[in-house]
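File shown: protein_26.txt. Contents: compact mmCIF, C-alpha atoms.
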```txt
# COMPACT_ATOMS: atom_id res chain seq x y z
CA ASP L 303 190.63 -103.52 73.37
CA SER L 304 189.94 -107.27 73.15
CA VAL L 305 187.47 -108.36 70.48
CA ALA L 306 188.01 -112.03 71.36
CA TYR L 307 186.99 -111.57 75.00
CA ARG L 308 183.82 -109.78 73.95
CA LEU L 309 183.01 -112.61 71.53
CA VAL L 310 183.48 -115.23 74.24
CA ARG L 311 181.57 -113.21 76.85
CA THR L 312 178.65 -112.57 74.48
CA PHE L 313 178.59 -116.24 73.39
CA ARG L 314 178.57 -117.34 77.03
CA ALA L 315 175.64 -115.05 77.82
CA GLU L 316 173.76 -116.30 74.76
CA VAL L 317 174.23 -119.95 75.79
CA VAL L 318 173.14 -119.22 79.37
CA ARG L 319 170.06 -117.35 78.08
CA SER L 320 169.12 -120.13 75.67
CA VAL L 321 169.57 -122.98 78.16
CA LEU L 322 167.94 -121.29 81.14
CA THR L 323 165.01 -119.89 79.19
CA PHE L 324 163.96 -123.47 78.40
CA VAL L 325 164.97 -125.12 81.69
CA THR L 326 163.18 -122.52 83.81
CA SER L 327 160.05 -122.31 81.64
CA PRO L 328 158.00 -124.42 84.13
CA ALA L 329 158.86 -121.92 86.88
CA ARG L 330 157.77 -119.01 84.67
CA ALA L 331 154.54 -120.85 83.84
CA GLN L 332 153.76 -120.97 87.58
CA ASP L 333 155.01 -117.46 88.30
CA PRO L 334 155.33 -115.11 85.31
CA SER L 335 157.53 -112.76 87.36
CA PHE L 336 160.18 -115.48 87.83
CA ASP L 337 163.51 -114.25 86.47
CA TYR L 338 166.52 -116.57 86.46
CA SER L 339 168.82 -113.70 85.45
CA ARG L 340 168.70 -112.30 89.00
CA SER L 341 170.71 -115.30 90.16
CA MET L 342 174.47 -114.83 90.14
CA ARG L 343 175.06 -118.58 90.20
CA THR L 344 173.99 -119.75 86.74
CA GLU L 345 177.43 -120.37 85.26
CA GLY L 346 178.18 -123.74 86.91
CA PRO L 347 174.81 -125.42 86.28
CA VAL L 348 174.60 -124.25 82.67
CA TRP L 349 178.07 -125.46 81.73
CA GLU L 350 177.41 -128.75 83.50
CA LEU L 351 174.34 -129.17 81.28
CA VAL L 352 176.36 -128.22 78.19
CA SER L 353 179.06 -130.74 79.19
CA GLN L 354 176.70 -133.61 80.07
CA GLN L 355 174.18 -132.79 77.29
CA PRO L 356 171.08 -134.46 78.76
CA LEU L 357 168.51 -134.63 75.96
CA HIS L 358 165.53 -134.22 78.30
CA LEU L 359 166.82 -130.75 79.26
CA LEU L 360 167.45 -129.64 75.67
CA ASP L 361 164.93 -127.26 74.13
CA PRO L 362 163.03 -129.38 71.55
CA ARG L 363 163.55 -126.75 68.87
CA PHE L 364 167.18 -127.96 68.71
CA ALA L 365 168.12 -131.32 67.21
CA SER L 366 171.21 -131.52 69.44
CA TRP L 367 173.26 -129.58 71.96
CA GLU L 368 175.68 -128.85 69.12
CA ALA L 369 172.81 -127.14 67.27
CA LEU L 370 172.10 -125.01 70.35
CA LEU L 371 175.76 -123.97 70.51
CA LEU L 372 175.90 -123.21 66.79
CA GLU L 373 172.81 -121.03 67.08
CA ALA L 374 174.47 -119.22 69.99
CA VAL L 375 177.52 -118.58 67.78
CA ASP L 376 175.29 -117.25 64.99
CA ALA L 377 173.33 -115.05 67.42
CA THR L 378 176.59 -113.70 68.90
CA ILE L 379 178.00 -112.77 65.51
CA ALA L 380 174.69 -111.22 64.41
CA GLN L 381 174.47 -109.20 67.62
CA LEU L 382 178.04 -107.94 67.43
CA THR L 383 177.99 -107.09 63.72
CA GLU L 384 174.73 -105.16 64.00
CA GLY L 385 176.53 -101.89 64.71
CA GLY L 386 179.57 -102.33 62.46
CA ALA L 387 182.46 -104.63 61.71
CA LEU L 388 183.16 -107.46 64.12
CA ALA L 389 186.80 -106.35 64.44
CA GLU L 390 185.58 -103.09 66.01
CA ARG L 391 183.45 -104.70 68.73
CA THR L 392 185.90 -104.51 71.61
CA TRP L 393 185.18 -105.41 75.22
CA GLY L 394 185.95 -101.83 76.24
CA GLU L 395 183.09 -100.63 74.03
CA VAL L 396 180.61 -102.03 76.58
CA ASN L 397 182.77 -102.28 79.70
CA ARG L 398 183.15 -98.58 80.47
CA ALA L 399 183.83 -96.88 83.78
CA ARG L 400 180.83 -95.32 85.46
CA ILE L 401 182.38 -93.50 88.40
CA LEU L 402 179.79 -91.12 89.80
CA HIS L 403 180.37 -88.46 92.43
CA PRO L 404 177.92 -88.75 95.36
CA LEU L 405 176.58 -85.25 94.69
CA ALA L 406 176.06 -85.81 90.95
CA SER L 407 172.58 -87.28 91.33
CA ALA L 408 171.60 -84.66 93.89
CA VAL L 409 172.63 -81.76 91.67
CA PRO L 410 172.13 -83.01 88.10
CA LEU L 411 173.15 -79.74 86.43
CA ILE L 412 176.75 -80.10 87.58
CA HIS L 413 177.22 -83.86 87.09
CA ARG L 414 179.52 -83.42 84.07
CA TRP L 415 182.07 -81.63 86.28
CA LEU L 416 181.77 -84.16 89.12
CA ASN L 417 181.69 -87.54 87.37
CA MET L 418 184.77 -89.15 85.84
CA PRO L 419 184.90 -89.76 82.07
CA GLU L 420 183.48 -93.09 80.89
CA ASP L 421 186.77 -94.69 79.82
CA SER L 422 187.09 -98.27 78.60
CA LEU L 423 187.93 -100.70 81.37
CA PRO L 424 190.13 -103.77 81.20
CA GLY L 425 189.00 -106.82 83.12
CA ASP L 426 185.53 -108.06 84.01
CA VAL L 427 183.67 -109.51 86.96
CA TYR L 428 184.96 -112.95 85.84
CA THR L 429 188.65 -111.97 85.83
CA PRO L 430 191.24 -111.22 88.52
CA ARG L 431 191.25 -107.57 87.45
CA ALA L 432 187.62 -107.17 88.43
CA HIS L 433 185.98 -104.19 86.73
CA SER L 434 182.53 -103.49 85.36
CA PRO L 435 180.63 -100.25 84.77
CA GLY L 436 178.95 -100.26 88.16
CA THR L 437 181.47 -102.13 90.30
CA GLY L 438 185.17 -102.29 90.89
CA PRO L 439 187.75 -101.80 93.58
CA SER L 440 187.41 -98.66 95.67
CA GLU L 441 191.15 -98.83 96.25
CA ARG L 442 194.11 -101.12 95.73
CA MET L 443 196.95 -101.47 98.16
CA VAL L 444 200.18 -103.42 97.79
CA VAL L 445 202.37 -103.82 100.86
CA SER L 446 205.19 -106.26 101.42
CA PRO L 447 205.83 -107.25 105.05
CA GLY L 448 208.93 -105.48 106.30
CA HIS L 449 208.79 -102.96 103.44
CA GLU L 450 205.71 -101.01 104.45
CA GLU L 451 207.35 -97.69 103.49
CA ASP L 452 207.41 -98.91 99.86
CA GLY L 453 203.71 -99.73 99.86
CA ILE L 454 201.43 -98.45 97.13
CA LEU L 455 197.89 -97.16 97.60
CA HIS L 456 195.81 -96.38 94.54
CA MET L 457 192.32 -94.92 94.59
CA PRO L 458 190.57 -94.91 91.18
CA THR L 459 189.97 -91.15 91.07
CA GLY L 460 192.45 -89.90 93.64
CA GLN L 461 192.15 -88.98 97.28
CA SER L 462 190.08 -85.84 96.91
CA ALA L 463 186.36 -85.91 96.22
CA HIS L 464 186.26 -82.12 96.11
CA PRO L 465 185.94 -80.96 92.48
CA LEU L 466 187.88 -77.74 93.13
CA SER L 467 190.86 -79.59 94.62
CA PRO L 468 193.92 -79.83 92.36
CA TYR L 469 193.98 -83.56 93.20
CA PHE L 470 190.40 -84.24 92.10
CA GLY L 471 190.52 -86.98 89.49
CA THR L 472 194.33 -87.15 89.38
CA MET L 473 194.39 -90.95 89.57
CA HIS L 474 191.71 -91.47 86.93
```

As a first step, turn the structure in this file into structure tokens.
Amino acid sequence: DSVAYRLVRTFRAEVVRSVLTFVTSPARAQDPSFDYSRSMRTEGPVWELVSQQPLHLLDPRFASWEALLLEAVDATIAQLTEGGALAERTWGEVNRARILHPLASAVPLIHRWLNMPEDSLPGDVYTPRAHSPGTGPSERMVVSPGHEEDGILHMPTGQSAHPLSPYFGTMH
């Protein structure tokens, strides 16, 4: 339900897009299929550039790094207010569970009875409570040495993958 996290996350993505679009333009000129977004390791280099602010790596359409950041703020607000009030743009609006039963794609007519509802998720891939629509923990287990009998095992949808089982989806 966090609007602030969504603002920060969207701003971060906008800054990364703006910086890397310019910095990687020579690579795209050589190979039009080059796509920096496939790399999972852009965060560190981009924020190092934003911190150091080297002018030779700043897109010339910006007078300063501050101008780049201000445009990213404006773009973030414009993007998030496009569909309504900013106060309604929660992180859970885009970070929704997508838990699909293995048979759902094989038998599309019954997918609505097999797949779990698309509920809002707390957390993100950048937080300790790692969740995103397509990824997340398959189970969580908490066990204290010497107190194994008090251990907790949680599976996101429950232990039964059989849709006719009374336990199907009980932990969702």

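Minimum atom-to-atom distances from L:Pro404, L:Pro328, L:Gly385, L:Pro362 to Ala463 (chain L) were compared using all atoms listed in the file, and the lowest value belongs to L:Pro404.
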
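Computed from the coordinates, the CA of Ala369 (chain L) to CA of Glu316 (chain L) distance equals 13.2 Å.
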
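The closest residue to Glu395 (chain L), picked from L:Ser353, L:Val325, L:Leu423, L:Asn417 and counting all atoms listed in the file, is L:Leu423.
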
Which residues, written as a PDB file with C-alpha atoms, keeping the file's coordinate frame, have at least one atom at most 10 Å from Pro465 (chain L), with only C-alpha atoms counted and residues fewer than 5 positions away on the same chain left out?
```pdb
ATOM      1  CA  HIS L 403     180.370 -88.460  92.430  1.00  0.00           C
ATOM      2  CA  TRP L 415     182.070 -81.630  86.280  1.00  0.00           C
ATOM      3  CA  LEU L 416     181.770 -84.160  89.120  1.00  0.00           C
ATOM      4  CA  ASN L 417     181.690 -87.540  87.370  1.00  0.00           C
ATOM      5  CA  PHE L 470     190.400 -84.240  92.100  1.00  0.00           C
ATOM      6  CA  GLY L 471     190.520 -86.980  89.490  1.00  0.00           C
TER       7      GLY L 471
END
```

When distances are computed from all atoms listed in the file, which of L:Ala329, L:Val305, L:Leu455, L:Ile379 shows the smallest separation from Val396 (chain L)? L:Val305

Please list as a PDB file with C-alpha atoms, in the coordinates of the input every residue within 10 Å of Val352 (chain L), counting only C-alpha atoms and excluding residues in the same chain fewer than 5 positions away.
```
ATOM      1  CA  VAL L 317     174.230-119.950  75.790  1.00  0.00           C
ATOM      2  CA  VAL L 318     173.140-119.220  79.370  1.00  0.00           C
ATOM      3  CA  VAL L 321     169.570-122.980  78.160  1.00  0.00           C
ATOM      4  CA  GLY L 346     178.180-123.740  86.910  1.00  0.00           C
ATOM      5  CA  PRO L 347     174.810-125.420  86.280  1.00  0.00           C
ATOM      6  CA  LEU L 359     166.820-130.750  79.260  1.00  0.00           C
ATOM      7  CA  LEU L 360     167.450-129.640  75.670  1.00  0.00           C
ATOM      8  CA  TRP L 367     173.260-129.580  71.960  1.00  0.00           C
ATOM      9  CA  GLU L 368     175.680-128.850  69.120  1.00  0.00           C
ATOM     10  CA  LEU L 370     172.100-125.010  70.350  1.00  0.00           C
ATOM     11  CA  LEU L 371     175.760-123.970  70.510  1.00  0.00           C
TER      12      LEU L 371
END
```

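Of the listed residues (L:Ser327, L:Gln354, L:Ser339, L:Thr392), L:Thr392 comes nearest to Asp303 (chain L); the distances count all atoms listed in the file.
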
Could you tell me how far CA of Arg330 (chain L) sits from CA of Leu351 (chain L), in Å to one decimal place?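 Between CA of Leu351 (chain L) and CA of Arg330 (chain L) the gap is 19.7 Å.
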
Show which residues sit within 12 Å of Thr378 (chain L), as a short mmCIF file (atom, residue, chain, number, x, y, z; two decimals) with C-alpha atoms, in the coordinates of the input. Count only C-alpha atoms, and ignore same-chain residues fewer than 3 positions away.
```cif
data_model
loop_
_atom_site.label_atom_id
_atom_site.label_comp_id
_atom_site.auth_asym_id
_atom_site.auth_seq_id
_atom_site.Cartn_x
_atom_site.Cartn_y
_atom_site.Cartn_z
CA ALA L 306 188.01 -112.03 71.36
CA ARG L 308 183.82 -109.78 73.95
CA LEU L 309 183.01 -112.61 71.53
CA VAL L 310 183.48 -115.23 74.24
CA ARG L 311 181.57 -113.21 76.85
CA THR L 312 178.65 -112.57 74.48
CA PHE L 313 178.59 -116.24 73.39
CA ARG L 314 178.57 -117.34 77.03
CA ALA L 315 175.64 -115.05 77.82
CA GLU L 316 173.76 -116.30 74.76
CA VAL L 317 174.23 -119.95 75.79
CA ARG L 319 170.06 -117.35 78.08
CA SER L 320 169.12 -120.13 75.67
CA LEU L 371 175.76 -123.97 70.51
CA LEU L 372 175.90 -123.21 66.79
CA GLU L 373 172.81 -121.03 67.08
CA ALA L 374 174.47 -119.22 69.99
CA VAL L 375 177.52 -118.58 67.78
CA GLN L 381 174.47 -109.20 67.62
CA LEU L 382 178.04 -107.94 67.43
CA THR L 383 177.99 -107.09 63.72
CA GLU L 384 174.73 -105.16 64.00
CA LEU L 388 183.16 -107.46 64.12
CA ARG L 391 183.45 -104.70 68.73
#
```

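CA of Arg340 (chain L) is positioned 15.4 Å from CA of Val427 (chain L).
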
Restricting the calculation to only C-alpha atoms, which member of L:Pro419, L:Pro447, L:Gly460, L:Gly386 is positioned closest to Arg400 (chain L)?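 Checking each candidate against Arg400 (chain L), we get L:Pro419 as the closest.
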